[in-house]
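Asker: What follows is a single structure, and I will ask about it in a moment.
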Amino acid sequence: MSDTKINISMSDRVKKLRYLALYSHLGLLGWMIVWYFFLPMTADYSITFKILIYIMPLLLPLPGIIKGKPYTHAWASFIVLFYFLHAITVIYAEPSQILYASIELVLAIGMFAGCSSFARLRGQELGTGLPKLKSVMDDEKKLYEGKSDE
């Protein structure tokens, strides 16, 4: 069954959102490497800290983003919120790093918009959307009431 879902073609709009997510993701990953390993910093962090905090979270969803998996795009949109908050904090707290943080902010916004929109629209194309909350609640109620009658 999953083989037929793979063959469902992607609309042009969804393709554009996928590329926005992919290029923003790769751009953010590259930018964080450049920023934290090659540009002068006001604070000196250990290499292990930089890799674990700034690089590793972006590497986790990378295979699924490259393959165009909607589920990976959905949870990657949560990961990128860390980078959004980081950029806003640096812009506010560290004026000397405002240009660096602004680049991070633009890339994070692009990744979030691309990932979340792609996940929603591609999920609709594939027919893998989430059920309505009302139907989930009704199913749980029936299940619970069925067990309490026994």
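Within each chain, counting starts at residue 1; across the structure tokens, chains are named A, B, ... in the order shown, with ligands numbered 1 upward in that order.
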Please provide as a JSON list (two decimals) with N, CA, C and O atoms, in the first residue's frame all residues within 8 Å of Pro70 of chain A, with the sequence filter that same-chain residues fewer than 2 positions apart are discarded (counting only C-alpha atoms).

Answerer:
[["chain", "number", "residue", "atom", "x", "y", "z"],
["A", 68, "GLY", "N", 12.16, 13.78, 1.18],
["A", 68, "GLY", "CA", 10.84, 14.39, 1.00],
["A", 68, "GLY", "C", 9.74, 13.71, 1.78],
["A", 68, "GLY", "O", 8.60, 13.63, 1.32],
["A", 72, "THR", "N", 8.67, 13.62, 8.53],
["A", 72, "THR", "CA", 9.93, 14.22, 8.97],
["A", 72, "THR", "C", 9.86, 15.73, 8.88],
["A", 72, "THR", "O", 10.34, 16.43, 9.78],
["A", 73, "HIS", "N", 9.26, 16.24, 7.83],
["A", 73, "HIS", "CA", 9.10, 17.69, 7.70],
["A", 73, "HIS", "C", 8.26, 18.23, 8.85],
["A", 73, "HIS", "O", 8.53, 19.33, 9.36],
["A", 74, "ALA", "N", 7.25, 17.48, 9.25],
["A", 74, "ALA", "CA", 6.38, 17.94, 10.34],
["A", 74, "ALA", "C", 7.16, 18.09, 11.64],
["A", 74, "ALA", "O", 7.08, 19.13, 12.31],
["A", 118, "PHE", "N", 4.77, 22.07, 3.60],
["A", 118, "PHE", "CA", 4.97, 20.85, 2.82],
["A", 118, "PHE", "C", 4.33, 19.66, 3.52],
["A", 118, "PHE", "O", 3.64, 18.85, 2.88],
["A", 119, "ALA", "N", 4.55, 19.52, 4.81],
["A", 119, "ALA", "CA", 4.00, 18.38, 5.54],
["A", 119, "ALA", "C", 2.48, 18.34, 5.44],
["A", 119, "ALA", "O", 1.88, 17.29, 5.20],
["A", 120, "ARG", "N", 1.85, 19.49, 5.60],
["A", 120, "ARG", "CA", 0.39, 19.55, 5.54],
["A", 120, "ARG", "C", -0.13, 19.23, 4.14],
["A", 120, "ARG", "O", -1.00, 18.37, 3.96],
["A", 122, "ARG", "N", 1.46, 17.90, 1.42],
["A", 122, "ARG", "CA", 1.83, 16.58, 0.91],
["A", 122, "ARG", "C", 1.04, 15.48, 1.62],
["A", 122, "ARG", "O", 0.64, 14.49, 1.00],
["A", 123, "GLY", "N", 0.81, 15.67, 2.90],
["A", 123, "GLY", "CA", -0.03, 14.72, 3.63],
["A", 123, "GLY", "C", -1.43, 14.65, 3.05],
["A", 123, "GLY", "O", -2.02, 13.57, 2.95]]

Asker: Leaving out Lys69 of chain A and any residue of its chain fewer than 6 positions from it, which residues lie within 12 Å of it when counting only C-alpha atoms, given as number ranges by chain?

Answerer: A: 5-6, 10, 18, 21-22, 61-63, 75-76, 115-116, 118-123, 126, 128

Asker: Which of these residues is nearest to Met41 of chain A, using only C-alpha atoms: A:Gly146, A:Leu20, A:Tyr100, A:Leu58?

Answerer: A:Tyr100

Asker: Step one, run DSSP on the backbone; step two, keep only residues of chain A assigned to alpha helix (DSSP H); then write them as a CSV table (one decimal) with N, CA, C and O atoms, in the first residue's frame.

Answerer:
chain,number,residue,atom,x,y,z
A,2,SER,N,2.0,1.2,0.7
A,2,SER,CA,2.8,2.4,0.8
A,2,SER,C,3.5,2.7,-0.6
A,2,SER,O,3.9,3.8,-0.9
A,3,ASP,N,3.6,1.6,-1.4
A,3,ASP,CA,4.2,1.8,-2.7
A,3,ASP,C,3.3,2.7,-3.6
A,3,ASP,O,3.8,3.4,-4.4
A,4,THR,N,2.0,2.5,-3.5
A,4,THR,CA,1.1,3.3,-4.3
A,4,THR,C,1.2,4.8,-3.8
A,4,THR,O,1.1,5.7,-4.6
A,5,LYS,N,1.4,5.0,-2.6
A,5,LYS,CA,1.5,6.4,-2.1
A,5,LYS,C,2.7,7.1,-2.6
A,5,LYS,O,2.7,8.3,-2.8
A,6,ILE,N,3.8,6.3,-2.8
A,6,ILE,CA,5.0,6.9,-3.2
A,6,ILE,C,4.9,7.4,-4.7
A,6,ILE,O,5.4,8.4,-5.1
A,12,ASP,N,3.1,21.3,-8.3
A,12,ASP,CA,4.1,22.2,-8.4
A,12,ASP,C,4.3,23.1,-7.1
A,12,ASP,O,5.4,23.4,-6.7
A,13,ARG,N,3.2,23.4,-6.5
A,13,ARG,CA,3.2,24.2,-5.2
A,13,ARG,C,3.9,23.4,-4.1
A,13,ARG,O,4.7,24.0,-3.4
A,14,VAL,N,3.6,22.2,-4.0
A,14,VAL,CA,4.2,21.3,-3.0
A,14,VAL,C,5.6,21.1,-3.2
A,14,VAL,O,6.5,21.1,-2.3
A,15,LYS,N,6.0,21.0,-4.5
A,15,LYS,CA,7.4,20.9,-4.9
A,15,LYS,C,8.2,22.1,-4.4
A,15,LYS,O,9.3,22.0,-3.9
A,16,LYS,N,7.6,23.3,-4.7
A,16,LYS,CA,8.3,24.5,-4.3
A,16,LYS,C,8.5,24.6,-2.8
A,16,LYS,O,9.5,25.1,-2.3
A,17,LEU,N,7.5,24.2,-2.0
A,17,LEU,CA,7.6,24.2,-0.6
A,17,LEU,C,8.6,23.2,-0.1
A,17,LEU,O,9.3,23.4,0.9
A,18,ARG,N,8.7,22.1,-0.8
A,18,ARG,CA,9.7,21.1,-0.4
A,18,ARG,C,11.1,21.6,-0.6
A,18,ARG,O,12.0,21.5,0.2
A,19,TYR,N,11.3,22.3,-1.8
A,19,TYR,CA,12.6,22.9,-2.0
A,19,TYR,C,12.9,24.1,-1.1
A,19,TYR,O,14.0,24.3,-0.7
A,20,LEU,N,11.9,24.8,-0.7
A,20,LEU,CA,12.1,25.9,0.3
A,20,LEU,C,12.6,25.3,1.6
A,20,LEU,O,13.5,25.7,2.2
A,21,ALA,N,11.9,24.2,2.0
A,21,ALA,CA,12.3,23.5,3.3
A,21,ALA,C,13.7,22.9,3.1
A,21,ALA,O,14.5,23.1,4.0
A,22,LEU,N,14.0,22.2,2.0
A,22,LEU,CA,15.3,21.6,1.8
A,22,LEU,C,16.4,22.6,1.8
A,22,LEU,O,17.4,22.5,2.5
A,23,TYR,N,16.3,23.7,1.0
A,23,TYR,CA,17.3,24.6,0.8
A,23,TYR,C,17.5,25.5,2.1
A,23,TYR,O,18.6,25.8,2.5
A,24,SER,N,16.4,25.8,2.8
A,24,SER,CA,16.5,26.5,4.0
A,24,SER,C,17.2,25.6,5.1
A,24,SER,O,18.0,26.1,5.9
A,25,HIS,N,16.9,24.4,5.1
A,25,HIS,CA,17.5,23.4,6.1
A,25,HIS,C,19.0,23.3,5.8
A,25,HIS,O,19.8,23.5,6.8
A,26,LEU,N,19.4,23.1,4.6
A,26,LEU,CA,20.8,23.0,4.3
A,26,LEU,C,21.5,24.3,4.5
A,26,LEU,O,22.6,24.3,5.0
A,27,GLY,N,20.8,25.4,4.2
A,27,GLY,CA,21.4,26.7,4.4
A,27,GLY,C,21.6,27.0,5.9
A,27,GLY,O,22.7,27.5,6.3
A,28,LEU,N,20.6,26.6,6.7
A,28,LEU,CA,20.7,26.8,8.2
A,28,LEU,C,21.8,25.9,8.7
A,28,LEU,O,22.7,26.4,9.6
A,29,LEU,N,21.9,24.7,8.3
A,29,LEU,CA,23.0,23.8,8.7
A,29,LEU,C,24.4,24.4,8.4
A,29,LEU,O,25.3,24.5,9.2
A,30,GLY,N,24.5,24.8,7.1
A,30,GLY,CA,25.8,25.4,6.7
A,30,GLY,C,26.1,26.7,7.4
A,30,GLY,O,27.2,26.9,7.8
A,31,TRP,N,25.1,27.5,7.6
A,31,TRP,CA,25.3,28.8,8.3
A,31,TRP,C,25.7,28.6,9.8
A,31,TRP,O,26.6,29.3,10.2
A,32,MET,N,25.1,27.6,10.4
A,32,MET,CA,25.5,27.4,11.8
A,32,MET,C,26.9,26.9,11.9
A,32,MET,O,27.7,27.2,12.8
A,33,ILE,N,27.3,26.1,10.9
A,33,ILE,CA,28.7,25.6,10.9
A,33,ILE,C,29.7,26.8,10.7
A,33,ILE,O,30.7,26.9,11.4
A,34,VAL,N,29.4,27.6,9.7
A,34,VAL,CA,30.2,28.8,9.4
A,34,VAL,C,30.3,29.7,10.6
A,34,VAL,O,31.3,30.1,11.1
A,35,TRP,N,29.1,30.0,11.2
A,35,TRP,CA,29.0,31.0,12.3
A,35,TRP,C,29.8,30.5,13.5
A,35,TRP,O,30.6,31.2,14.1
A,36,TYR,N,29.6,29.2,13.9
A,36,TYR,CA,30.2,28.7,15.2
A,36,TYR,C,31.5,28.1,15.0
A,36,TYR,O,32.2,27.9,16.1
A,37,PHE,N,32.0,27.9,13.8
A,37,PHE,CA,33.3,27.3,13.7
A,37,PHE,C,34.3,28.2,12.9
A,37,PHE,O,35.5,28.0,13.0
A,38,PHE,N,33.8,29.2,12.2
A,38,PHE,CA,34.8,30.0,11.4
A,38,PHE,C,34.7,31.5,11.6
A,38,PHE,O,35.6,32.2,11.3
A,47,ILE,N,34.0,22.6,21.4
A,47,ILE,CA,33.6,22.1,20.1
A,47,ILE,C,32.4,21.1,20.3
A,47,ILE,O,31.5,21.0,19.5
A,48,THR,N,32.5,20.3,21.3
A,48,THR,CA,31.5,19.3,21.6
A,48,THR,C,30.1,20.0,21.9
A,48,THR,O,29.1,19.6,21.4
A,49,PHE,N,30.1,21.1,22.6
A,49,PHE,CA,28.9,21.9,22.9
A,49,PHE,C,28.3,22.4,21.6
A,49,PHE,O,27.1,22.3,21.4
A,50,LYS,N,29.2,23.0,20.8
A,50,LYS,CA,28.7,23.5,19.5
A,50,LYS,C,28.1,22.5,18.6
A,50,LYS,O,27.0,22.7,18.0
A,56,MET,N,23.9,19.1,15.7
A,56,MET,CA,23.2,17.8,15.7
A,56,MET,C,21.7,17.9,15.5
A,56,MET,O,21.2,17.0,14.8
A,57,PRO,N,21.0,18.8,16.1
A,57,PRO,CA,19.6,18.8,15.9
A,57,PRO,C,19.2,19.0,14.4
A,57,PRO,O,18.1,18.5,14.0
A,58,LEU,N,20.0,19.7,13.7
A,58,LEU,CA,19.7,19.8,12.2
A,58,LEU,C,20.1,18.6,11.4
A,58,LEU,O,19.6,18.3,10.3
A,59,LEU,N,21.0,17.7,12.0
A,59,LEU,CA,21.4,16.5,11.3
A,59,LEU,C,20.3,15.4,11.4
A,59,LEU,O,20.2,14.6,10.6
A,62,LEU,N,17.7,15.4,8.6
A,62,LEU,CA,18.2,15.6,7.3
A,62,LEU,C,17.9,14.5,6.3
A,62,LEU,O,17.5,14.8,5.2
A,63,PRO,N,18.1,13.2,6.7
A,63,PRO,CA,17.8,12.2,5.7
A,63,PRO,C,16.3,12.2,5.2
A,63,PRO,O,16.0,12.0,4.0
A,64,GLY,N,15.4,12.4,6.1
A,64,GLY,CA,14.0,12.5,5.8
A,64,GLY,C,13.6,13.7,5.0
A,64,GLY,O,12.7,13.7,4.1
A,65,ILE,N,14.3,14.8,5.3
A,65,ILE,CA,14.1,16.1,4.5
A,65,ILE,C,14.6,15.9,3.1
A,65,ILE,O,13.9,16.2,2.1
A,66,ILE,N,15.7,15.2,2.9
A,66,ILE,CA,16.3,15.0,1.6
A,66,ILE,C,15.3,14.1,0.8
A,66,ILE,O,15.1,14.3,-0.4
A,67,LYS,N,14.8,13.0,1.4
A,67,LYS,CA,13.9,12.1,0.8
A,67,LYS,C,12.5,12.7,0.6
A,67,LYS,O,11.7,12.1,-0.1
A,70,PRO,N,6.9,13.6,4.4
A,70,PRO,CA,6.1,14.6,5.1
A,70,PRO,C,6.2,14.5,6.6
A,70,PRO,O,6.2,15.6,7.3
A,71,TYR,N,6.2,13.3,7.2
A,71,TYR,CA,6.3,13.2,8.6
A,71,TYR,C,7.5,13.8,9.2
A,71,TYR,O,7.5,14.5,10.2
A,72,THR,N,8.7,13.6,8.5
A,72,THR,CA,9.9,14.2,9.0
A,72,THR,C,9.9,15.7,8.9
A,72,THR,O,10.3,16.4,9.8
A,73,HIS,N,9.3,16.2,7.8
A,73,HIS,CA,9.1,17.7,7.7
A,73,HIS,C,8.3,18.2,8.9
A,73,HIS,O,8.5,19.3,9.4
A,74,ALA,N,7.3,17.5,9.3
A,74,ALA,CA,6.4,17.9,10.3
A,74,ALA,C,7.2,18.1,11.6
A,74,ALA,O,7.1,19.1,12.3
A,75,TRP,N,7.9,17.1,12.0
A,75,TRP,CA,8.7,17.2,13.3
A,75,TRP,C,9.9,18.1,13.2
A,75,TRP,O,10.3,18.7,14.2
A,76,ALA,N,10.4,18.2,12.0
A,76,ALA,CA,11.5,19.2,11.8
A,76,ALA,C,11.1,20.6,12.0
A,76,ALA,O,11.9,21.5,12.4
A,77,SER,N,9.8,20.9,11.7
A,77,SER,CA,9.3,22.3,12.0
A,77,SER,C,9.3,22.6,13.4
A,77,SER,O,9.4,23.8,13.8
A,78,PHE,N,9.3,21.6,14.3
A,78,PHE,CA,9.4,21.9,15.7
A,78,PHE,C,10.9,22.1,16.1
A,78,PHE,O,11.2,23.0,17.0
A,79,ILE,N,11.8,21.4,15.5
A,79,ILE,CA,13.2,21.5,15.8
A,79,ILE,C,13.7,22.9,15.5
A,79,ILE,O,14.4,23.6,16.2
A,80,VAL,N,13.2,23.4,14.3
A,80,VAL,CA,13.7,24.7,13.8
A,80,VAL,C,13.2,25.9,14.7
A,80,VAL,O,13.8,26.9,14.7
A,81,LEU,N,12.2,25.7,15.6
A,81,LEU,CA,11.8,26.7,16.5
A,81,LEU,C,12.9,27.1,17.5
A,81,LEU,O,13.0,28.2,17.9
A,82,PHE,N,13.8,26.1,17.8
A,82,PHE,CA,14.9,26.4,18.7
A,82,PHE,C,15.8,27.5,18.0
A,82,PHE,O,16.3,28.4,18.6
A,83,TYR,N,16.1,27.3,16.7
A,83,TYR,CA,16.9,28.3,16.0
A,83,TYR,C,16.2,29.6,15.8
A,83,TYR,O,16.9,30.7,15.8
A,84,PHE,N,14.9,29.6,15.7
A,84,PHE,CA,14.2,30.9,15.6
A,84,PHE,C,14.4,31.6,16.9
A,84,PHE,O,14.7,32.8,17.0
A,85,LEU,N,14.1,30.9,18.0
A,85,LEU,CA,14.3,31.5,19.4
A,85,LEU,C,15.7,32.0,19.6
A,85,LEU,O,16.0,33.0,20.2
A,86,HIS,N,16.7,31.2,19.2
A,86,HIS,CA,18.1,31.5,19.4
A,86,HIS,C,18.4,32.8,18.6
A,86,HIS,O,19.1,33.7,19.2
A,87,ALA,N,17.9,32.9,17.4
A,87,ALA,CA,18.2,34.1,16.6
A,87,ALA,C,17.6,35.4,17.2
A,87,ALA,O,18.2,36.4,17.3
A,88,ILE,N,16.3,35.2,17.7
A,88,ILE,CA,15.7,36.4,18.3
A,88,ILE,C,16.4,36.8,19.6
A,88,ILE,O,16.6,38.0,19.9
A,89,THR,N,16.9,35.8,20.4
A,89,THR,CA,17.6,36.1,21.6
A,89,THR,C,18.9,36.8,21.3
A,89,THR,O,19.3,37.8,22.0
A,90,VAL,N,19.6,36.3,20.3
A,90,VAL,CA,20.9,36.9,20.0
A,90,VAL,C,20.7,38.3,19.4
A,90,VAL,O,21.5,39.2,19.8
A,91,ILE,N,19.7,38.5,18.6
A,91,ILE,CA,19.4,39.9,18.1
A,91,ILE,C,19.2,40.8,19.3
A,91,ILE,O,19.7,42.0,19.3
A,92,TYR,N,18.4,40.4,20.3
A,92,TYR,CA,18.1,41.2,21.4
A,92,TYR,C,19.3,41.4,22.4
A,92,TYR,O,19.6,42.5,22.8
A,93,ALA,N,20.0,40.3,22.6
A,93,ALA,CA,21.0,40.4,23.7
A,93,ALA,C,22.4,40.7,23.3
A,93,ALA,O,23.3,41.1,24.1
A,98,ILE,N,24.3,40.8,15.5
A,98,ILE,CA,22.9,41.0,14.9
A,98,ILE,C,22.9,40.5,13.4
A,98,ILE,O,21.9,39.9,13.0
A,99,LEU,N,23.9,40.7,12.6
A,99,LEU,CA,23.9,40.3,11.2
A,99,LEU,C,23.9,38.7,11.2
A,99,LEU,O,23.1,38.2,10.4
A,100,TYR,N,24.7,38.1,12.0
A,100,TYR,CA,24.7,36.6,12.0
A,100,TYR,C,23.4,36.1,12.4
A,100,TYR,O,22.9,35.1,11.8
A,101,ALA,N,22.8,36.6,13.4
A,101,ALA,CA,21.5,36.1,13.9
A,101,ALA,C,20.4,36.4,13.0
A,101,ALA,O,19.5,35.6,12.8
A,102,SER,N,20.5,37.5,12.2
A,102,SER,CA,19.5,37.8,11.2
A,102,SER,C,19.5,36.8,10.1
A,102,SER,O,18.4,36.4,9.6
A,103,ILE,N,20.6,36.4,9.7
A,103,ILE,CA,20.7,35.3,8.7
A,103,ILE,C,20.1,34.1,9.2
A,103,ILE,O,19.3,33.4,8.5
A,104,GLU,N,20.4,33.7,10.4
A,104,GLU,CA,19.8,32.5,11.0
A,104,GLU,C,18.3,32.6,11.1
A,104,GLU,O,17.6,31.7,10.8
A,105,LEU,N,17.8,33.8,11.4
A,105,LEU,CA,16.4,34.0,11.6
A,105,LEU,C,15.7,33.8,10.2
A,105,LEU,O,14.7,33.2,10.1
A,106,VAL,N,16.2,34.4,9.1
A,106,VAL,CA,15.6,34.3,7.8
A,106,VAL,C,15.6,32.8,7.4
A,106,VAL,O,14.6,32.3,6.9
A,107,LEU,N,16.7,32.1,7.6
A,107,LEU,CA,16.8,30.7,7.3
A,107,LEU,C,15.8,29.8,8.1
A,107,LEU,O,15.2,28.9,7.6
A,108,ALA,N,15.7,30.2,9.4
A,108,ALA,CA,14.8,29.4,10.3
A,108,ALA,C,13.3,29.6,9.9
A,108,ALA,O,12.5,28.7,9.8
A,109,ILE,N,13.0,30.9,9.5
A,109,ILE,CA,11.6,31.2,9.1
A,109,ILE,C,11.3,30.4,7.8
A,109,ILE,O,10.3,29.8,7.6
A,110,GLY,N,12.3,30.4,6.8
A,110,GLY,CA,12.1,29.7,5.6
A,110,GLY,C,11.9,28.2,5.8
A,110,GLY,O,11.1,27.6,5.2
A,111,MET,N,12.7,27.7,6.7
A,111,MET,CA,12.6,26.2,7.0
A,111,MET,C,11.3,25.9,7.6
A,111,MET,O,10.6,24.9,7.3
A,112,PHE,N,10.9,26.7,8.6
A,112,PHE,CA,9.6,26.5,9.3
A,112,PHE,C,8.5,26.5,8.3
A,112,PHE,O,7.6,25.6,8.3
A,113,ALA,N,8.4,27.6,7.5
A,113,ALA,CA,7.3,27.8,6.5
A,113,ALA,C,7.3,26.6,5.5
A,113,ALA,O,6.3,26.0,5.2
A,114,GLY,N,8.5,26.3,5.0
A,114,GLY,CA,8.6,25.2,4.1
A,114,GLY,C,8.2,23.8,4.6
A,114,GLY,O,7.4,23.1,4.0
A,115,CYS,N,8.8,23.5,5.8
A,115,CYS,CA,8.5,22.2,6.4
A,115,CYS,C,7.0,22.0,6.8
A,115,CYS,O,6.4,21.0,6.5
A,116,SER,N,6.5,23.0,7.5
A,116,SER,CA,5.1,22.9,8.0
A,116,SER,C,4.1,22.9,6.8
A,116,SER,O,3.2,22.0,6.8
A,117,SER,N,4.3,23.7,5.8
A,117,SER,CA,3.4,23.8,4.7
A,117,SER,C,3.5,22.5,3.8
A,117,SER,O,2.5,21.9,3.4
A,118,PHE,N,4.8,22.1,3.6
A,118,PHE,CA,5.0,20.8,2.8
A,118,PHE,C,4.3,19.7,3.5
A,118,PHE,O,3.6,18.8,2.9
A,119,ALA,N,4.6,19.5,4.8
A,119,ALA,CA,4.0,18.4,5.5
A,119,ALA,C,2.5,18.3,5.4
A,119,ALA,O,1.9,17.3,5.2
A,120,ARG,N,1.8,19.5,5.6
A,120,ARG,CA,0.4,19.6,5.5
A,120,ARG,C,-0.1,19.2,4.1
A,120,ARG,O,-1.0,18.4,4.0
A,121,LEU,N,0.4,19.9,3.1
A,121,LEU,CA,-0.1,19.7,1.8
A,121,LEU,C,0.3,18.4,1.2
A,121,LEU,O,-0.6,17.8,0.5
A,122,ARG,N,1.5,17.9,1.4
A,122,ARG,CA,1.8,16.6,0.9
A,122,ARG,C,1.0,15.5,1.6
A,122,ARG,O,0.6,14.5,1.0
A,123,GLY,N,0.8,15.7,2.9
A,123,GLY,CA,0.0,14.7,3.6
A,123,GLY,C,-1.4,14.6,3.1
A,123,GLY,O,-2.0,13.6,2.9
A,124,GLN,N,-2.0,15.8,2.6
A,124,GLN,CA,-3.3,15.8,2.0
A,124,GLN,C,-3.3,15.1,0.7
A,124,GLN,O,-4.2,14.4,0.3
A,125,GLU,N,-2.2,15.3,-0.1
A,125,GLU,CA,-2.1,14.6,-1.4
A,125,GLU,C,-2.0,13.1,-1.2
A,125,GLU,O,-2.6,12.4,-2.0
A,126,LEU,N,-1.3,12.7,-0.2
A,126,LEU,CA,-1.1,11.3,0.0
A,126,LEU,C,-2.3,10.6,0.8
A,126,LEU,O,-2.4,9.4,0.9
A,133,LEU,N,-10.4,15.8,15.6
A,133,LEU,CA,-10.4,15.5,17.0
A,133,LEU,C,-11.7,15.0,17.5
A,133,LEU,O,-11.8,14.1,18.3
A,134,LYS,N,-12.8,15.5,16.9
A,134,LYS,CA,-14.1,15.0,17.3
A,134,LYS,C,-14.3,13.5,17.1
A,134,LYS,O,-14.8,12.7,17.9
A,135,SER,N,-13.8,13.0,15.9
A,135,SER,CA,-13.9,11.5,15.7
A,135,SER,C,-13.0,10.7,16.6
A,135,SER,O,-13.3,9.6,17.0
A,136,VAL,N,-11.8,11.3,16.9
A,136,VAL,CA,-10.9,10.6,17.8
A,136,VAL,C,-11.6,10.5,19.2
A,136,VAL,O,-11.5,9.5,19.9
A,137,MET,N,-12.2,11.6,19.6
A,137,MET,CA,-12.8,11.6,21.0
A,137,MET,C,-14.0,10.6,21.0
A,137,MET,O,-14.2,9.9,22.0
A,138,ASP,N,-14.8,10.6,19.9
A,138,ASP,CA,-15.9,9.7,19.8
A,138,ASP,C,-15.4,8.2,19.9
A,138,ASP,O,-16.1,7.4,20.6
A,139,ASP,N,-14.4,7.9,19.2
A,139,ASP,CA,-13.8,6.6,19.2
A,139,ASP,C,-13.3,6.2,20.6
A,139,ASP,O,-13.6,5.1,21.1
A,140,GLU,N,-12.7,7.1,21.3
A,140,GLU,CA,-12.2,6.8,22.6
A,140,GLU,C,-13.4,6.7,23.6
A,140,GLU,O,-13.3,5.8,24.5
A,141,LYS,N,-14.4,7.5,23.4
A,141,LYS,CA,-15.6,7.4,24.3
A,141,LYS,C,-16.2,6.0,24.1
A,141,LYS,O,-16.6,5.3,25.1
A,142,LYS,N,-16.4,5.6,22.8
A,142,LYS,CA,-17.0,4.2,22.6
A,142,LYS,C,-16.1,3.1,23.2
A,142,LYS,O,-16.6,2.2,23.8
A,143,LEU,N,-14.8,3.2,23.0
A,143,LEU,CA,-13.9,2.3,23.6
A,143,LEU,C,-14.0,2.2,25.1
A,143,LEU,O,-14.1,1.1,25.7
A,144,TYR,N,-14.0,3.4,25.7
A,144,TYR,CA,-14.1,3.4,27.2
A,144,TYR,C,-15.4,2.9,27.7
A,144,TYR,O,-15.5,2.1,28.6
A,145,GLU,N,-16.5,3.3,27.0
A,145,GLU,CA,-17.8,2.9,27.4
A,145,GLU,C,-18.0,1.4,27.2
A,145,GLU,O,-18.7,0.7,28.0
A,146,GLY,N,-17.4,0.9,26.1
A,146,GLY,CA,-17.5,-0.6,25.9
A,146,GLY,C,-16.8,-1.4,26.9
A,146,GLY,O,-17.2,-2.5,27.3
A,147,LYS,N,-15.7,-0.9,27.5
A,147,LYS,CA,-14.9,-1.6,28.5
A,147,LYS,C,-15.6,-1.5,29.8
A,147,LYS,O,-15.5,-2.4,30.6
A,148,SER,N,-16.3,-0.4,30.1
A,148,SER,CA,-16.9,-0.2,31.4
A,148,SER,C,-18.2,-1.1,31.5
A,148,SER,O,-18.6,-1.3,32.6

Asker: Nearest to Glu94 of chain A: which of A:Leu52, A:Ile8, A:Leu60, A:Ala43 is it, counting only C-alpha atoms?

Answerer: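 The answer is A:Ala43, which sits nearest to Glu94 of chain A.
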